[in-house]
2 protein chains.
Amino acid sequence: MRKEIMEVGGQLVPYFRTPEFSEIMLDSDRLLKKFMNAGRDAQSIYLTCSGTGAMEATIMNCFTKNDKVLIVDGGTFGHRFVDLCKVHGIPHDSICIRFDEILTEKHLKKYDNKGYTAVFVNIDETSTGQLYDIKIISDYCKRNDTYLVVDAISSFLIDHYDMDTYDVDATIISSQKGMCIAPGLSVVVLSDRIVRERVKKIDIKNLYFNFNEYMKDFERGQTPFTPCVGICMEMNRALNLIEEMGLENLLMSIDKVAKDFRKRVKELPVTIPAFPLSSAITPIIFKDKIAKKVFNILKDKYDVYVNPTGGDREEYVLRVAHIGDTTIEDNKMLIDLLRKAIKEAKS
Amino acid sequence: MRKEIMEVGGQLVPYFRTPEFSEIMLDSDRLLKKFMNAGRDAQSIYLTCSGTGAMEATIMNCFTKNDKVLIVDGGTFGHRFVDLCKVHGIPHDSICIRFDEILTEKHLKKYDNKGYTAVFVNIDETSTGQLYDIKIISDYCKRNDTYLVVDAISSFLIDHYDMDTYDVDATIISSQKGMCIAPGLSVVVLSDRIVRERVKKIDIKNLYFNFNEYMKDFERGQTPFTPCVGICMEMNRALNLIEEMGLENLLMSIDKVAKDFRKRVKELPVTIPAFPLSSAITPIIFKDKIAKKVFNILKDKYDVYVNPTGGDREEYVLRVAHIGDTTIEDNKMLIDLLRKAIKEAKS
């Protein structure tokens with residue numbers, strides 16, 4: 001988190017049913033849509049909930065038991081779409097991608113002309129770090145005339161992302177990733193098409209997640225229920241900081257740090273995956289079962305946090321984030337600490 | 001908001017999948033349950049959402065179409081329970097309380113032995129300021145053997161509140177009221193009875209609001225989805241500050257400020273309601289249609305915020321909050337500003 005964001009966090013949270021707060025929300029919305037190249041008529045839903053809440057809300061508002069959904073299931077977060085479809089009784093199939101497998105056109109071709117009405121994908125599968133090729137997914141959707149729902153939570157404002165070019169119908173993001181602000185706020189940006197054809201027609205059996213209520217209130221920059229006002233203030237500061245520095249410059253700077261880390265990490269007795277990686281994180285793979293040990297040494301001895309990995313790879317993989325104000329100096333330091341921690345974990 | 005809380009808001013939001021964060025959550029939970037005198041086996045659900053989200057989640061996890069619910073509907077928030085029951089197809093009846101009417105035992109007696117399985121009440125109906133007598137509601141529930149669900153969002157840590165004595169089965173609170181921290185976090189505290197008889201047995205068609213998932217993870221002080229970590233940190237500081245000063249002292253101090261305001265406001269050409277009031281707010285009633293005008297003068301000219309009132313009384317009623325670090329000096333100042341604003345609004 002940047003100093004400028006922490007300053008916002010340390011300020012009084014304002015009363016929000018005012019034209020002043022509405023202006024702030026509308027300003028954030030303008031920037032957010034610009035940064036993701038959302039269509040002119042795209043509409044945003046500002047939800048106080050985690051990314052999973054926003055994924056579930058999107059499914060509830062846009063799909064029914066009459067749909068047939070294709071899910072790219074290549075890790076924990078891809079699989080969450082499967083769980084959500086099960087809970088809501090949405091017929092679905094999964095393209096299962098193994099940890100070391102790259103999603104290619106071949107995977108998708110098999111599902112041509114099978115009557116799917118939507119594709120769900122976590123464009124950066126956060127649990128493995130694979131950044132899927134949105135072009136091949138978008139091409140599939142165009143030739144099969146299906147909706148495209150993208151969870152861009154751990155990719156937006158980190159990797160290039162473009163709703164309009166790739167005809168994305170719903171983009172789901174969360175505050176704590178690319179924006180580098182506190183968690184608690186999630187946003188769903190909807191294409192005009194999905195709003196007209198789905199959201200306005202589906203009778204959702206839920207009040208808190210009813211997108212029609214949110215769209216109505218957002219015409220005046222408000223939300224139907226009390227939002228996480230403090231995080232909304234942080235969002236506005238974060239988006240304006242990005243506007244000042246330029247989105248391209250931000251993406252280049254994260255990319256540079258990620259590439260530098262990936263070059264340096266070769267000095268260590270670890271490997272990194274061969275698939276395309278998001279600039280958000282680099283997974284590092286150990287030969288021995290020491291991932292948890294290394295995590296704890298870094299945390300307890302050096303007060304440095306990397307991300308553990310769940311599931312059957314938890315003893316072998318750690319993930320290193322490159323977002324926020326991480327620098328090349330930090331990379332140097334982390335490589336040194338990793339070297340020490342690995343040595344200690346093995347001894 | 002207190003200075004100590006704003007300091008927490010200005011700090012780096014920590015990574016949360018750690019034993020350290022779990023300890024903080026468990027410490028908050030211990031204090032929260034102590035302050036509401038929850039039963040020994042009560043369980044808490046920490047949700048990243050607004051109070052409405054928590055109300056809806058409680059209904060979804062604890063009640064079904066086979067129930068019959070009695071709702072105290074005396075304003076905007078009481079009526080929200082009605083809306084939620086409609087959305088979820090829960091059979092329900094309402095005790096409608098007019099703005100100037102006091103809820104008494106007579107209202108409830110009419111509904112004796114009618115087969116209700118639960119009573120829903122906003123113990124302080126925030127939109128009118130009426131603090132209902134929990135004893136008569138609790139007595140009704142005991143003699144009719146129904147569950148009692150209390151929205152205590154605008155009352156807990158402001159008025160006396162006691163789950164165990166009044167056999168409350170679910171208490172719903174939100175971060176931005178009595179705790180005086182940023183909005184975005186809501187908590188549901190459940191009795192052992194409702195957990196065993198309802199939550200564990202109901203097959204909820206929702207993932208984000210599935211209480212069983214939250215209970216399982218909270219055994220180790222965690223939540224199934226990313227929580228609003230920053231607000232959780234503020235909660236811990238707020239509850240520890242209350243523990244240091246003593247809950248009784250906090251309640252007495254708010255009560256003193258509320259009573260002082262109510263005494264002073266008699267100098268102005270306004271009236272206040274005759275019904276029992278929560279110490280949270282005092283509604284002030286104007287003879288003329290000037291409430292919105294007065295609100296705007298206070299906001300634009302003096303940068304002072306009072307609460308407008310929605311619905312058909314919006315031109316006649318404003319509500320003044322007494323929570324946070326409001327003092328008797330603030331009361332004096334506000335009375336002076338109100339006097340000026342009323343004069344200006346009428347001219």
# chains A, B, ... in the order shown; residues from 1 in each chain; ligands from 1
$ interface_residues --of "chain B" --to "chain A" --cutoff "8 Å" --atoms "only C-alpha atoms" --output "mmCIF file with all heavy atoms, in the first residue's frame"
data_model
loop_
_atom_site.group_PDB
_atom_site.id
_atom_site.type_symbol
_atom_site.label_atom_id
_atom_site.label_comp_id
_atom_site.auth_asym_id
_atom_site.auth_seq_id
_atom_site.Cartn_x
_atom_site.Cartn_y
_atom_site.Cartn_z
ATOM 1 N N MET B 1 -15.542 9.229 14.869
ATOM 2 C CA MET B 1 -14.428 8.285 14.983
ATOM 3 C C MET B 1 -13.341 8.851 15.885
ATOM 4 O O MET B 1 -12.978 10.011 15.781
ATOM 5 C CB MET B 1 -13.827 8.016 13.596
ATOM 6 C CG MET B 1 -14.492 6.858 12.885
ATOM 7 S SD MET B 1 -14.038 6.777 11.143
ATOM 8 C CE MET B 1 -12.780 5.506 11.167
ATOM 9 N N MET B 6 -8.629 6.147 13.901
ATOM 10 C CA MET B 6 -8.093 6.697 12.657
ATOM 11 C C MET B 6 -6.621 6.306 12.485
ATOM 12 O O MET B 6 -6.162 6.096 11.362
ATOM 13 C CB MET B 6 -8.291 8.207 12.619
ATOM 14 C CG MET B 6 -9.742 8.557 12.256
ATOM 15 S SD MET B 6 -10.270 10.198 12.788
ATOM 16 C CE MET B 6 -9.240 11.238 11.780
ATOM 17 N N GLU B 7 -5.925 6.189 13.589
ATOM 18 C CA GLU B 7 -4.531 5.722 13.512
ATOM 19 C C GLU B 7 -4.466 4.308 12.936
ATOM 20 O O GLU B 7 -3.615 4.005 12.110
ATOM 21 C CB GLU B 7 -3.876 5.739 14.900
ATOM 22 C CG GLU B 7 -3.325 7.105 15.276
ATOM 23 C CD GLU B 7 -2.938 7.188 16.752
ATOM 24 O OE1 GLU B 7 -2.733 6.128 17.382
ATOM 25 O OE2 GLU B 7 -2.865 8.317 17.254
ATOM 26 N N VAL B 8 -5.383 3.450 13.392
ATOM 27 C CA VAL B 8 -5.420 2.083 12.858
ATOM 28 C C VAL B 8 -5.739 2.126 11.363
ATOM 29 O O VAL B 8 -5.114 1.438 10.552
ATOM 30 C CB VAL B 8 -6.467 1.219 13.604
ATOM 31 C CG1 VAL B 8 -6.582 -0.169 12.962
ATOM 32 C CG2 VAL B 8 -6.107 1.085 15.078
ATOM 33 N N GLY B 9 -6.695 2.987 10.987
ATOM 34 C CA GLY B 9 -7.066 3.135 9.583
ATOM 35 C C GLY B 9 -5.883 3.575 8.719
ATOM 36 O O GLY B 9 -5.813 3.238 7.542
ATOM 37 N N GLY B 10 -4.975 4.309 9.305
ATOM 38 C CA GLY B 10 -3.828 4.831 8.562
ATOM 39 C C GLY B 10 -2.657 3.878 8.501
ATOM 40 O O GLY B 10 -1.609 4.212 7.955
ATOM 41 N N GLN B 11 -2.814 2.683 9.070
ATOM 42 C CA GLN B 11 -1.721 1.712 9.040
ATOM 43 C C GLN B 11 -1.872 0.749 7.866
ATOM 44 O O GLN B 11 -2.934 0.628 7.274
ATOM 45 C CB GLN B 11 -1.679 0.928 10.362
ATOM 46 C CG GLN B 11 -1.081 1.735 11.502
ATOM 47 C CD GLN B 11 -1.397 1.143 12.862
ATOM 48 O OE1 GLN B 11 -1.882 0.025 12.953
ATOM 49 N NE2 GLN B 11 -1.126 1.903 13.906
ATOM 50 N N LEU B 12 -0.797 0.072 7.572
ATOM 51 C CA LEU B 12 -0.785 -0.926 6.510
ATOM 52 C C LEU B 12 -1.753 -2.050 6.884
ATOM 53 O O LEU B 12 -1.778 -2.510 8.021
ATOM 54 C CB LEU B 12 0.641 -1.487 6.414
ATOM 55 C CG LEU B 12 1.043 -2.099 5.084
ATOM 56 C CD1 LEU B 12 1.047 -1.040 3.987
ATOM 57 C CD2 LEU B 12 2.417 -2.729 5.219
ATOM 58 N N VAL B 13 -2.580 -2.463 5.917
ATOM 59 C CA VAL B 13 -3.483 -3.588 6.164
ATOM 60 C C VAL B 13 -2.667 -4.881 6.091
ATOM 61 O O VAL B 13 -2.022 -5.147 5.084
ATOM 62 C CB VAL B 13 -4.606 -3.596 5.105
ATOM 63 C CG1 VAL B 13 -5.450 -4.860 5.222
ATOM 64 C CG2 VAL B 13 -5.488 -2.368 5.262
ATOM 65 N N TYR B 15 -1.413 -8.896 5.909
ATOM 66 C CA TYR B 15 -1.840 -10.145 5.284
ATOM 67 C C TYR B 15 -2.566 -10.939 6.364
ATOM 68 O O TYR B 15 -2.155 -10.940 7.524
ATOM 69 C CB TYR B 15 -0.624 -10.904 4.749
ATOM 70 C CG TYR B 15 -0.984 -12.236 4.130
ATOM 71 C CD1 TYR B 15 -1.792 -12.306 3.000
ATOM 72 C CD2 TYR B 15 -0.531 -13.428 4.693
ATOM 73 C CE1 TYR B 15 -2.134 -13.520 2.452
ATOM 74 C CE2 TYR B 15 -0.865 -14.654 4.140
ATOM 75 C CZ TYR B 15 -1.678 -14.692 3.015
ATOM 76 O OH TYR B 15 -2.028 -15.896 2.472
ATOM 77 N N THR B 48 -18.313 -9.637 5.457
ATOM 78 C CA THR B 48 -17.979 -8.388 4.791
ATOM 79 C C THR B 48 -19.185 -8.005 3.943
ATOM 80 O O THR B 48 -19.380 -8.521 2.840
ATOM 81 C CB THR B 48 -16.710 -8.551 3.939
ATOM 82 O OG1 THR B 48 -15.632 -8.828 4.827
ATOM 83 C CG2 THR B 48 -16.404 -7.281 3.156
ATOM 84 N N CYS B 49 -20.034 -7.157 4.520
ATOM 85 C CA CYS B 49 -21.248 -6.680 3.843
ATOM 86 C C CYS B 49 -21.907 -5.649 4.743
ATOM 87 O O CYS B 49 -21.467 -5.431 5.858
ATOM 88 C CB CYS B 49 -22.215 -7.830 3.565
ATOM 89 S SG CYS B 49 -22.958 -8.578 5.026
ATOM 90 N N SER B 50 -22.958 -5.027 4.236
ATOM 91 C CA SER B 50 -23.689 -4.056 5.051
ATOM 92 C C SER B 50 -24.649 -4.782 5.984
ATOM 93 O O SER B 50 -24.818 -6.000 5.893
ATOM 94 C CB SER B 50 -24.484 -3.117 4.146
ATOM 95 O OG SER B 50 -25.700 -3.741 3.774
ATOM 96 N N GLY B 51 -25.303 -4.032 6.858
ATOM 97 C CA GLY B 51 -26.267 -4.616 7.776
ATOM 98 C C GLY B 51 -27.390 -5.346 7.049
ATOM 99 O O GLY B 51 -27.846 -6.403 7.498
ATOM 100 N N THR B 52 -27.828 -4.811 5.923
ATOM 101 C CA THR B 52 -28.883 -5.474 5.148
ATOM 102 C C THR B 52 -28.409 -6.852 4.679
ATOM 103 O O THR B 52 -29.163 -7.821 4.725
ATOM 104 C CB THR B 52 -29.275 -4.621 3.928
ATOM 105 O OG1 THR B 52 -29.762 -3.372 4.411
ATOM 106 C CG2 THR B 52 -30.360 -5.291 3.105
ATOM 107 N N GLY B 53 -27.163 -6.934 4.232
ATOM 108 C CA GLY B 53 -26.599 -8.222 3.837
ATOM 109 C C GLY B 53 -26.643 -9.217 4.988
ATOM 110 O O GLY B 53 -27.003 -10.391 4.807
ATOM 111 N N GLU B 56 -30.230 -10.343 5.624
ATOM 112 C CA GLU B 56 -30.637 -11.311 4.606
ATOM 113 C C GLU B 56 -29.956 -12.665 4.851
ATOM 114 O O GLU B 56 -30.596 -13.719 4.749
ATOM 115 C CB GLU B 56 -30.272 -10.778 3.217
ATOM 116 C CG GLU B 56 -30.737 -11.690 2.096
ATOM 117 C CD GLU B 56 -30.882 -10.960 0.759
ATOM 118 O OE1 GLU B 56 -30.144 -9.981 0.525
ATOM 119 O OE2 GLU B 56 -31.750 -11.368 -0.037
ATOM 120 N N LEU B 84 -37.333 -8.540 2.852
ATOM 121 C CA LEU B 84 -36.474 -9.725 2.765
ATOM 122 C C LEU B 84 -37.302 -11.008 2.830
ATOM 123 O O LEU B 84 -37.019 -11.972 2.116
ATOM 124 C CB LEU B 84 -35.426 -9.693 3.884
ATOM 125 C CG LEU B 84 -34.315 -8.646 3.688
ATOM 126 C CD1 LEU B 84 -33.503 -8.468 4.978
ATOM 127 C CD2 LEU B 84 -33.384 -9.041 2.539
ATOM 128 N N VAL B 87 -38.835 -11.505 -0.611
ATOM 129 C CA VAL B 87 -37.861 -11.998 -1.597
ATOM 130 C C VAL B 87 -37.596 -13.493 -1.398
ATOM 131 O O VAL B 87 -37.462 -14.245 -2.360
ATOM 132 C CB VAL B 87 -36.537 -11.200 -1.490
ATOM 133 C CG1 VAL B 87 -35.411 -11.904 -2.234
ATOM 134 C CG2 VAL B 87 -36.721 -9.786 -2.041
ATOM 135 N N HIS B 88 -37.542 -13.927 -0.130
ATOM 136 C CA HIS B 88 -37.186 -15.326 0.141
ATOM 137 C C HIS B 88 -38.405 -16.224 0.386
ATOM 138 O O HIS B 88 -38.247 -17.379 0.791
ATOM 139 C CB HIS B 88 -36.201 -15.399 1.312
ATOM 140 C CG HIS B 88 -34.873 -14.815 0.936
ATOM 141 N ND1 HIS B 88 -33.944 -15.519 0.217
ATOM 142 C CD2 HIS B 88 -34.352 -13.572 1.100
ATOM 143 C CE1 HIS B 88 -32.886 -14.751 -0.013
ATOM 144 N NE2 HIS B 88 -33.108 -13.561 0.506
ATOM 145 N N ALA B 182 -15.199 2.245 10.524
ATOM 146 C CA ALA B 182 -15.660 2.369 9.139
ATOM 147 C C ALA B 182 -16.721 1.324 8.811
ATOM 148 O O ALA B 182 -16.695 0.219 9.347
ATOM 149 C CB ALA B 182 -14.465 2.219 8.194
ATOM 150 N N PRO B 183 -17.666 1.618 7.914
ATOM 151 C CA PRO B 183 -18.660 0.621 7.519
ATOM 152 C C PRO B 183 -18.062 -0.430 6.583
ATOM 153 O O PRO B 183 -17.067 -0.164 5.904
ATOM 154 C CB PRO B 183 -19.725 1.438 6.793
ATOM 155 C CG PRO B 183 -19.045 2.675 6.338
ATOM 156 C CD PRO B 183 -17.915 2.929 7.286
ATOM 157 N N GLY B 184 -18.676 -1.611 6.547
ATOM 158 C CA GLY B 184 -18.234 -2.671 5.643
ATOM 159 C C GLY B 184 -18.226 -4.040 6.300
ATOM 160 O O GLY B 184 -18.211 -5.061 5.625
ATOM 161 N N LYS B 205 -28.935 -22.138 -0.373
ATOM 162 C CA LYS B 205 -28.524 -22.095 -1.781
ATOM 163 C C LYS B 205 -27.659 -20.856 -2.034
ATOM 164 O O LYS B 205 -27.975 -20.006 -2.864
ATOM 165 C CB LYS B 205 -29.773 -22.056 -2.686
ATOM 166 C CG LYS B 205 -30.675 -23.271 -2.539
ATOM 167 C CD LYS B 205 -30.063 -24.512 -3.170
ATOM 168 C CE LYS B 205 -30.967 -25.732 -3.000
ATOM 169 N NZ LYS B 205 -30.184 -26.966 -2.816
ATOM 170 N N ASN B 206 -26.597 -20.747 -1.304
ATOM 171 C CA ASN B 206 -25.721 -19.589 -1.421
ATOM 172 C C ASN B 206 -24.375 -19.957 -0.823
ATOM 173 O O ASN B 206 -24.314 -20.676 0.170
ATOM 174 C CB ASN B 206 -26.343 -18.404 -0.662
ATOM 175 C CG ASN B 206 -25.750 -17.070 -1.084
ATOM 176 O OD1 ASN B 206 -24.651 -16.730 -0.674
ATOM 177 N ND2 ASN B 206 -26.461 -16.326 -1.915
ATOM 178 N N LEU B 207 -23.300 -19.486 -1.439
ATOM 179 C CA LEU B 207 -21.963 -19.795 -0.917
ATOM 180 C C LEU B 207 -21.452 -18.658 -0.030
ATOM 181 O O LEU B 207 -21.014 -18.883 1.096
ATOM 182 C CB LEU B 207 -20.994 -20.034 -2.081
ATOM 183 C CG LEU B 207 -19.584 -20.490 -1.682
ATOM 184 C CD1 LEU B 207 -19.601 -21.866 -1.052
ATOM 185 C CD2 LEU B 207 -18.645 -20.480 -2.891
ATOM 186 N N TYR B 208 -21.531 -17.418 -0.542
ATOM 187 C CA TYR B 208 -20.940 -16.292 0.193
ATOM 188 C C TYR B 208 -21.588 -16.094 1.558
ATOM 189 O O TYR B 208 -20.939 -15.654 2.498
ATOM 190 C CB TYR B 208 -21.065 -15.005 -0.635
ATOM 191 C CG TYR B 208 -20.289 -13.854 -0.041
ATOM 192 C CD1 TYR B 208 -18.905 -13.883 0.009
ATOM 193 C CD2 TYR B 208 -20.942 -12.746 0.500
ATOM 194 C CE1 TYR B 208 -18.186 -12.842 0.567
ATOM 195 C CE2 TYR B 208 -20.227 -11.694 1.055
ATOM 196 C CZ TYR B 208 -18.844 -11.750 1.083
ATOM 197 O OH TYR B 208 -18.136 -10.714 1.645
ATOM 198 N N PHE B 225 -13.784 -16.372 3.084
ATOM 199 C CA PHE B 225 -13.428 -15.478 1.981
ATOM 200 C C PHE B 225 -12.693 -14.281 2.564
ATOM 201 O O PHE B 225 -12.812 -13.999 3.747
ATOM 202 C CB PHE B 225 -14.692 -15.060 1.224
ATOM 203 C CG PHE B 225 -15.595 -16.241 0.947
ATOM 204 C CD1 PHE B 225 -16.827 -16.361 1.589
ATOM 205 C CD2 PHE B 225 -15.171 -17.260 0.110
ATOM 206 C CE1 PHE B 225 -17.627 -17.481 1.374
ATOM 207 C CE2 PHE B 225 -15.959 -18.385 -0.102
ATOM 208 C CZ PHE B 225 -17.194 -18.495 0.529
ATOM 209 N N THR B 226 -11.946 -13.572 1.707
ATOM 210 C CA THR B 226 -11.168 -12.426 2.197
ATOM 211 C C THR B 226 -12.071 -11.450 2.959
ATOM 212 O O THR B 226 -13.028 -10.924 2.392
ATOM 213 C CB THR B 226 -10.509 -11.679 1.014
ATOM 214 O OG1 THR B 226 -9.746 -12.625 0.255
ATOM 215 C CG2 THR B 226 -9.608 -10.566 1.508
ATOM 216 N N PRO B 227 -11.791 -11.205 4.220
ATOM 217 C CA PRO B 227 -12.623 -10.234 4.955
ATOM 218 C C PRO B 227 -12.106 -8.810 4.723
ATOM 219 O O PRO B 227 -11.051 -8.624 4.116
ATOM 220 C CB PRO B 227 -12.412 -10.647 6.406
ATOM 221 C CG PRO B 227 -11.008 -11.160 6.440
ATOM 222 C CD PRO B 227 -10.735 -11.776 5.077
ATOM 223 N N CYS B 228 -12.858 -7.826 5.205
ATOM 224 C CA CYS B 228 -12.381 -6.439 5.167
ATOM 225 C C CYS B 228 -11.367 -6.289 6.295
ATOM 226 O O CYS B 228 -11.695 -5.813 7.383
ATOM 227 C CB CYS B 228 -13.556 -5.477 5.324
ATOM 228 S SG CYS B 228 -14.700 -5.939 6.621
ATOM 229 N N VAL B 229 -10.129 -6.685 6.014
ATOM 230 C CA VAL B 229 -9.093 -6.811 7.046
ATOM 231 C C VAL B 229 -8.871 -5.502 7.814
ATOM 232 O O VAL B 229 -8.744 -5.501 9.040
ATOM 233 C CB VAL B 229 -7.765 -7.282 6.412
ATOM 234 C CG1 VAL B 229 -6.698 -7.455 7.467
ATOM 235 C CG2 VAL B 229 -7.965 -8.587 5.642
ATOM 236 N N GLY B 230 -8.848 -4.384 7.072
ATOM 237 C CA GLY B 230 -8.605 -3.097 7.725
ATOM 238 C C GLY B 230 -9.677 -2.783 8.766
ATOM 239 O O GLY B 230 -9.370 -2.328 9.878
ATOM 240 N N TYR B 305 -22.872 17.670 9.976
ATOM 241 C CA TYR B 305 -23.801 16.702 9.386
ATOM 242 C C TYR B 305 -24.760 16.141 10.431
ATOM 243 O O TYR B 305 -24.328 15.564 11.414
ATOM 244 C CB TYR B 305 -23.042 15.534 8.753
ATOM 245 C CG TYR B 305 -22.362 15.940 7.482
ATOM 246 C CD1 TYR B 305 -21.140 16.607 7.523
ATOM 247 C CD2 TYR B 305 -22.959 15.696 6.256
ATOM 248 C CE1 TYR B 305 -20.524 17.013 6.353
ATOM 249 C CE2 TYR B 305 -22.345 16.096 5.079
ATOM 250 C CZ TYR B 305 -21.124 16.758 5.132
ATOM 251 O OH TYR B 305 -20.525 17.156 3.978
#
$ residues_around --residues "Met333 in chain A" --least-positions-apart "5" --cutoff "12 Å" --atoms "only C-alpha atoms" --output "ChimeraX atom specification"
/A:261,264-265,298,302,304,326-328,338-340
$ write_last_selection --atoms "N, CA, C and O atoms" --output "PDB file, in the first residue's frame"
ATOM      1  N   PHE A 261      12.522  -9.996 -11.072  1.00  0.00           N
ATOM      2  CA  PHE A 261      12.486 -11.060 -10.059  1.00  0.00           C
ATOM      3  C   PHE A 261      12.688 -12.425 -10.713  1.00  0.00           C
ATOM      4  O   PHE A 261      13.428 -13.270 -10.205  1.00  0.00           O
ATOM      5  N   ARG A 264      16.310 -12.956 -11.510  1.00  0.00           N
ATOM      6  CA  ARG A 264      17.141 -13.183 -10.322  1.00  0.00           C
ATOM      7  C   ARG A 264      16.869 -14.532  -9.653  1.00  0.00           C
ATOM      8  O   ARG A 264      17.753 -15.138  -9.061  1.00  0.00           O
ATOM      9  N   VAL A 265      15.604 -14.965  -9.708  1.00  0.00           N
ATOM     10  CA  VAL A 265      15.230 -16.162  -8.953  1.00  0.00           C
ATOM     11  C   VAL A 265      15.930 -17.410  -9.509  1.00  0.00           C
ATOM     12  O   VAL A 265      16.040 -18.426  -8.830  1.00  0.00           O
ATOM     13  N   LEU A 298      10.536 -16.739   6.678  1.00  0.00           N
ATOM     14  CA  LEU A 298      10.455 -15.360   6.160  1.00  0.00           C
ATOM     15  C   LEU A 298       9.579 -14.487   7.050  1.00  0.00           C
ATOM     16  O   LEU A 298       9.904 -13.338   7.350  1.00  0.00           O
ATOM     17  N   TYR A 302      12.100 -12.546   9.476  1.00  0.00           N
ATOM     18  CA  TYR A 302      12.387 -11.325   8.709  1.00  0.00           C
ATOM     19  C   TYR A 302      11.167 -10.426   8.511  1.00  0.00           C
ATOM     20  O   TYR A 302      11.260  -9.389   7.860  1.00  0.00           O
ATOM     21  N   VAL A 304       8.718 -10.751   6.588  1.00  0.00           N
ATOM     22  CA  VAL A 304       8.446 -10.618   5.160  1.00  0.00           C
ATOM     23  C   VAL A 304       7.382 -11.665   4.788  1.00  0.00           C
ATOM     24  O   VAL A 304       7.491 -12.836   5.177  1.00  0.00           O
ATOM     25  N   THR A 326       6.336  -2.464  -4.819  1.00  0.00           N
ATOM     26  CA  THR A 326       7.499  -3.346  -4.824  1.00  0.00           C
ATOM     27  C   THR A 326       8.524  -2.836  -5.843  1.00  0.00           C
ATOM     28  O   THR A 326       8.155  -2.452  -6.950  1.00  0.00           O
ATOM     29  N   THR A 327       9.806  -2.844  -5.452  1.00  0.00           N
ATOM     30  CA  THR A 327      10.851  -2.314  -6.326  1.00  0.00           C
ATOM     31  C   THR A 327      11.909  -3.382  -6.609  1.00  0.00           C
ATOM     32  O   THR A 327      11.885  -4.458  -6.011  1.00  0.00           O
ATOM     33  N   ILE A 328      12.822  -3.024  -7.487  1.00  0.00           N
ATOM     34  CA  ILE A 328      13.932  -3.923  -7.800  1.00  0.00           C
ATOM     35  C   ILE A 328      14.829  -4.107  -6.573  1.00  0.00           C
ATOM     36  O   ILE A 328      15.352  -5.205  -6.342  1.00  0.00           O
ATOM     37  N   LEU A 338      15.377 -15.271   0.687  1.00  0.00           N
ATOM     38  CA  LEU A 338      14.933 -16.599   0.227  1.00  0.00           C
ATOM     39  C   LEU A 338      16.108 -17.574   0.263  1.00  0.00           C
ATOM     40  O   LEU A 338      15.949 -18.726   0.694  1.00  0.00           O
ATOM     41  N   ARG A 339      17.272 -17.101  -0.168  1.00  0.00           N
ATOM     42  CA  ARG A 339      18.456 -17.964  -0.176  1.00  0.00           C
ATOM     43  C   ARG A 339      18.728 -18.466   1.252  1.00  0.00           C
ATOM     44  O   ARG A 339      18.911 -19.657   1.493  1.00  0.00           O
ATOM     45  N   LYS A 340      18.702 -17.514   2.193  1.00  0.00           N
ATOM     46  CA  LYS A 340      18.948 -17.886   3.605  1.00  0.00           C
ATOM     47  C   LYS A 340      17.869 -18.835   4.127  1.00  0.00           C
ATOM     48  O   LYS A 340      18.151 -19.825   4.798  1.00  0.00           O
TER      49      LYS A 340
END
$ residues_around --residues "Gly74 in chain B" --least-positions-apart "2" --cutoff "8 Å" --atoms "only C-alpha atoms" --output "ChimeraX atom specification"
/B:72,76-79,95-99,125,128
$ residues_around --residues "Lys177 in chain A" --least-positions-apart "4" --cutoff "10 Å" --atoms "only C-alpha atoms" --output "CSV table (one decimal) with N, CA and C atoms, in the first residue's frame"
chain,number,residue,atom,x,y,z
A,152,ALA,N,-11.3,-10.8,-13.2
A,152,ALA,CA,-10.0,-10.2,-13.4
A,152,ALA,C,-9.4,-9.7,-12.1
A,153,ILE,N,-9.8,-10.3,-11.0
A,153,ILE,CA,-9.5,-9.8,-9.6
A,153,ILE,C,-8.0,-9.6,-9.5
A,154,SER,N,-7.2,-10.6,-9.9
A,154,SER,CA,-5.8,-10.5,-9.6
A,154,SER,C,-5.0,-10.1,-10.9
A,155,SER,N,-5.7,-9.5,-11.8
A,155,SER,CA,-5.0,-9.2,-13.1
A,155,SER,C,-5.2,-7.7,-13.5
A,156,PHE,N,-6.4,-7.2,-13.2
A,156,PHE,CA,-6.7,-5.8,-13.6
A,156,PHE,C,-5.8,-4.8,-12.9
A,157,LEU,N,-5.3,-3.9,-13.7
A,157,LEU,CA,-4.3,-2.8,-13.2
A,157,LEU,C,-3.0,-3.5,-13.0
A,158,ILE,N,-2.8,-4.7,-13.4
A,158,ILE,CA,-1.5,-5.4,-13.3
A,158,ILE,C,-1.0,-5.8,-14.7
A,173,ILE,N,-13.9,-7.4,-10.3
A,173,ILE,CA,-12.6,-7.0,-9.6
A,173,ILE,C,-12.8,-6.8,-8.1
A,181,ILE,N,-5.5,-1.3,-2.4
A,181,ILE,CA,-6.1,-0.7,-1.3
A,181,ILE,C,-6.7,-1.8,-0.4
A,182,ALA,N,-7.4,-1.4,0.7
A,182,ALA,CA,-7.8,-2.4,1.7
A,182,ALA,C,-8.9,-3.3,1.0
A,183,PRO,N,-9.0,-4.6,1.4
A,183,PRO,CA,-10.1,-5.5,0.9
A,183,PRO,C,-11.4,-5.1,1.5
A,280,ALA,N,1.3,-10.2,-11.8
A,280,ALA,CA,0.9,-10.1,-10.4
A,280,ALA,C,1.8,-10.9,-9.4
A,323,ILE,N,3.0,-6.6,-6.9
A,323,ILE,CA,2.1,-5.4,-7.0
A,323,ILE,C,2.4,-4.5,-5.9
A,324,GLY,N,1.7,-3.3,-5.9
A,324,GLY,CA,2.0,-2.3,-4.9
A,324,GLY,C,3.3,-1.6,-5.2
